[in-house]
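Below is one structure, written out as structure tokens; the observations come after it.
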Amino acid sequence: MDNNKKIQEFIDTNKKSHFLQSPEWAEVKSNWKHETVIAEENGEIKGYMSILLRKVPVFNRYIMYAPRGFVCDEHDKETLKQLMEKAGELAKKYKAFIFRMDPDIPESDEEFKSIAKEIGLQMKENIESIDQVVQPKYVFRLNIAGKTEEELVASFNSKTRYNLRLSKRKGVTTRIGTKADLETFYKIMTETGARDEFFIRPISYFEKIYDCMGEQHARLIIAEFEGKPIAAVMPIMYGNKVWYLYGGSSNEYRNLMPNYQLQFEMMKWGLENGCEIYDFRGVSGFKDENDPQYGVYRFKKGFNPEFVEFVNELYVVYDPVMNSLFNLSEKAYKMMNCVRKKLKG
């Protein structure tokens, strides 16, 4: 078996596998440089980490970022240490001034946090808002391992089961889309973004995800009523997990509850492929009923998933002076943006 196949097999089967650590996602992020580091023992792969590198304008230096790394046994100190040593070698090669990562590790894992500190990683403190993190710090995850569709539905709360049945009874149907349906998906996403006031990337971004991840890992699912598309989602499947990546609904027919069917269809995709975890992705971690995102939190909570808080961002500063200058420039940029918004308002 050649080395690339060995690496892919390791990523596909490791329990910490994550789509953001995949070679396919590195292609999606081709506007960044991409490197990988591998930890081995006696010719056997023990750990893997995909690292994205972005050159900061003006400073002409690089930031290194490993989204949801590491892919390995999170309590194997020697493997973690080897991966970070190799990341340090990359930092020298590119003259990077900081390395950042946001591991797929629960906040409650004190053993991992202790190892991270031992191998030189620092932890970001005082996170007060979801706006201060790159990847969601709080998610809902549902254990779907070995369950039947009937057992899965039975695990939802009664209101969610009712809405799922209502959607089907009212005539909402779902189908798996093709690339040709990306325009329909994007139209629905744009409508949702305007309604709920969040930023929507250009359609080219979604096309790139669909092309780079391939049908093995990415899927479009469309909900329709009387032949008219009324909601759509794009999940990602990788390793032992399925993630609800993007989704939206049109302003019409929201009373038909199409999103309940779509969530269940994404879970079924995971069941069909032997996945163990269905990840609803980000929710507000503060559980405040006055939070604009509380409705999303309540909707996802109805499926009775586990609330997961991840450890804070970890980092290594290779050049403290450059890092301080960069942080100052970021603050100044944000302040200027705030002033512009106030002047326009």
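The way I read the labels, and the way they are meant: chains A, B, ... in the order of the structure tokens, residue 1 as the first residue of every chain, and ligand 1 as the first ligand shown, with later ones counted on from there.
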DSSP-assigned helix (DSSP H, G or I) members of range 264-314 of chain A, reported as a list in words: Phe264, Glu265, Met266, Met267, Lys268, Trp269, Gly270, Leu271, Glu272, Tyr294, Gly295, Val296, Tyr297, Arg298, Phe299, Lys300 and Lys301 of chain A
Selection above as a file: C-alpha atoms, as a PDB file, in the first residue's frame:
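Full text of result-v4.pdb as output:
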ATOM      1  CA  PHE A 264     -34.097  13.005   9.739  1.00  0.00           C
ATOM      2  CA  GLU A 265     -32.953  12.403   6.142  1.00  0.00           C
ATOM      3  CA  MET A 266     -29.422  13.505   7.048  1.00  0.00           C
ATOM      4  CA  MET A 267     -29.426  11.149  10.027  1.00  0.00           C
ATOM      5  CA  LYS A 268     -30.643   8.306   7.790  1.00  0.00           C
ATOM      6  CA  TRP A 269     -27.699   8.929   5.437  1.00  0.00           C
ATOM      7  CA  GLY A 270     -25.428   8.411   8.432  1.00  0.00           C
ATOM      8  CA  LEU A 271     -27.253   5.242   9.482  1.00  0.00           C
ATOM      9  CA  GLU A 272     -26.964   3.803   5.970  1.00  0.00           C
ATOM     10  CA  TYR A 294     -32.228  30.565  20.818  1.00  0.00           C
ATOM     11  CA  GLY A 295     -34.804  29.345  18.295  1.00  0.00           C
ATOM     12  CA  VAL A 296     -32.100  27.319  16.530  1.00  0.00           C
ATOM     13  CA  TYR A 297     -30.976  25.944  19.917  1.00  0.00           C
ATOM     14  CA  ARG A 298     -34.542  24.900  20.815  1.00  0.00           C
ATOM     15  CA  PHE A 299     -35.156  23.278  17.398  1.00  0.00           C
ATOM     16  CA  LYS A 300     -32.003  21.160  17.583  1.00  0.00           C
ATOM     17  CA  LYS A 301     -32.543  20.301  21.245  1.00  0.00           C
TER      18      LYS A 301
END
Would you write out, as a Markdown table, a table of all residues in range 19-95 of chain A that have an atom no more than 10 Å from an atom of range 227-246 of chain A, listing for each the closest atom pair and the distance in Å to one decimal, considering only C-alpha atoms and ordering rows by chain and rising residue number?
| residue | atom | partner | partner_atom | distance |
| --- | --- | --- | --- | --- |
| A:Phe19 | CA | A:Tyr238 | CA | 5.5 |
| A:Leu20 | CA | A:Tyr238 | CA | 9.3 |
| A:Gln21 | CA | A:Tyr238 | CA | 9.8 |
| A:Ser22 | CA | A:Tyr238 | CA | 8.4 |
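Of note, CA of Asn3 in chain A and CA of Val71 in chain A are spaced 16.7 Å apart.
CA of Asn60 in chain A to CA of Trp25 in chain A spans 24.9 Å [interatomic distance, one decimal].
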Do you know which residues are at most 6 Å from range 62-70 of chain A counting only C-alpha atoms, after dropping those on the same chain fewer than 3 positions away, and could you put them as a PyMOL selection string? chain A and resi 20+49-56+96+98-104
Taking N, CA, C and O atoms for each residue, export the selection above as a short mmCIF file (atom, residue, chain, number, x, y, z; two decimals), in the first residue's frame.
data_model
loop_
_atom_site.label_atom_id
_atom_site.label_comp_id
_atom_site.auth_asym_id
_atom_site.auth_seq_id
_atom_site.Cartn_x
_atom_site.Cartn_y
_atom_site.Cartn_z
N LEU A 20 -13.02 18.72 8.34
CA LEU A 20 -12.15 19.89 8.25
C LEU A 20 -10.67 19.50 8.24
O LEU A 20 -9.82 20.33 7.90
N MET A 49 -2.24 15.57 10.94
CA MET A 49 -2.80 16.91 11.13
C MET A 49 -2.68 17.69 9.83
O MET A 49 -1.60 17.79 9.25
N SER A 50 -3.82 18.21 9.38
CA SER A 50 -3.87 19.07 8.20
C SER A 50 -3.75 20.52 8.66
O SER A 50 -4.48 20.95 9.56
N ILE A 51 -2.82 21.26 8.05
CA ILE A 51 -2.56 22.64 8.47
C ILE A 51 -2.74 23.58 7.28
O ILE A 51 -2.17 23.36 6.21
N LEU A 52 -3.54 24.62 7.48
CA LEU A 52 -3.74 25.67 6.48
C LEU A 52 -2.85 26.85 6.85
O LEU A 52 -2.70 27.18 8.03
N LEU A 53 -2.26 27.49 5.83
CA LEU A 53 -1.37 28.62 6.08
C LEU A 53 -1.83 29.81 5.25
O LEU A 53 -2.06 29.69 4.04
N ARG A 54 -1.97 30.95 5.91
CA ARG A 54 -2.40 32.17 5.22
C ARG A 54 -1.39 33.28 5.47
O ARG A 54 -1.00 33.54 6.63
N LYS A 55 -0.98 33.93 4.38
CA LYS A 55 -0.04 35.04 4.50
C LYS A 55 -0.80 36.30 4.88
O LYS A 55 -1.82 36.64 4.26
N VAL A 56 -0.33 36.98 5.91
CA VAL A 56 -0.99 38.20 6.38
C VAL A 56 -0.46 39.38 5.56
O VAL A 56 0.76 39.62 5.52
N ALA A 96 6.24 31.42 10.04
CA ALA A 96 4.93 31.68 10.65
C ALA A 96 5.13 32.24 12.05
O ALA A 96 6.06 31.84 12.75
N ILE A 98 2.45 32.37 14.36
CA ILE A 98 1.55 31.73 15.31
C ILE A 98 0.91 30.49 14.69
O ILE A 98 0.70 30.43 13.47
N PHE A 99 0.65 29.51 15.53
CA PHE A 99 -0.09 28.31 15.15
C PHE A 99 -1.36 28.27 16.00
O PHE A 99 -1.30 28.46 17.22
N ARG A 100 -2.51 28.00 15.35
CA ARG A 100 -3.78 27.93 16.07
C ARG A 100 -4.50 26.63 15.73
O ARG A 100 -4.38 26.12 14.62
N MET A 101 -5.27 26.14 16.67
CA MET A 101 -6.10 24.97 16.42
C MET A 101 -7.28 24.97 17.38
O MET A 101 -7.22 25.58 18.45
N ASP A 102 -8.36 24.33 16.97
CA ASP A 102 -9.55 24.22 17.82
C ASP A 102 -9.99 22.76 17.82
O ASP A 102 -10.84 22.36 17.03
N PRO A 103 -9.39 21.94 18.69
CA PRO A 103 -9.60 20.49 18.65
C PRO A 103 -11.04 20.05 18.90
O PRO A 103 -11.80 20.72 19.59
N ASP A 104 -11.36 18.90 18.33
CA ASP A 104 -12.64 18.25 18.56
C ASP A 104 -12.52 17.44 19.86
O ASP A 104 -12.57 16.21 19.86
#
If DSSP is run on the backbone, what residues of range 118-249 of chain A are strand (DSSP E or B)? A reply as a ChimeraX atom specification would be ideal. /A:122-123,138-143,172-176,218,221-225,228-238,241-249
Exercise: Tyr162 in chain A partners within 12 Å, only C-alpha atoms, chain neighbours under 5 positions left out, as an NGL selection string: :A and (153-154 or 156-157 or 167-169 or 256-257 or 260-261 or 302-303)
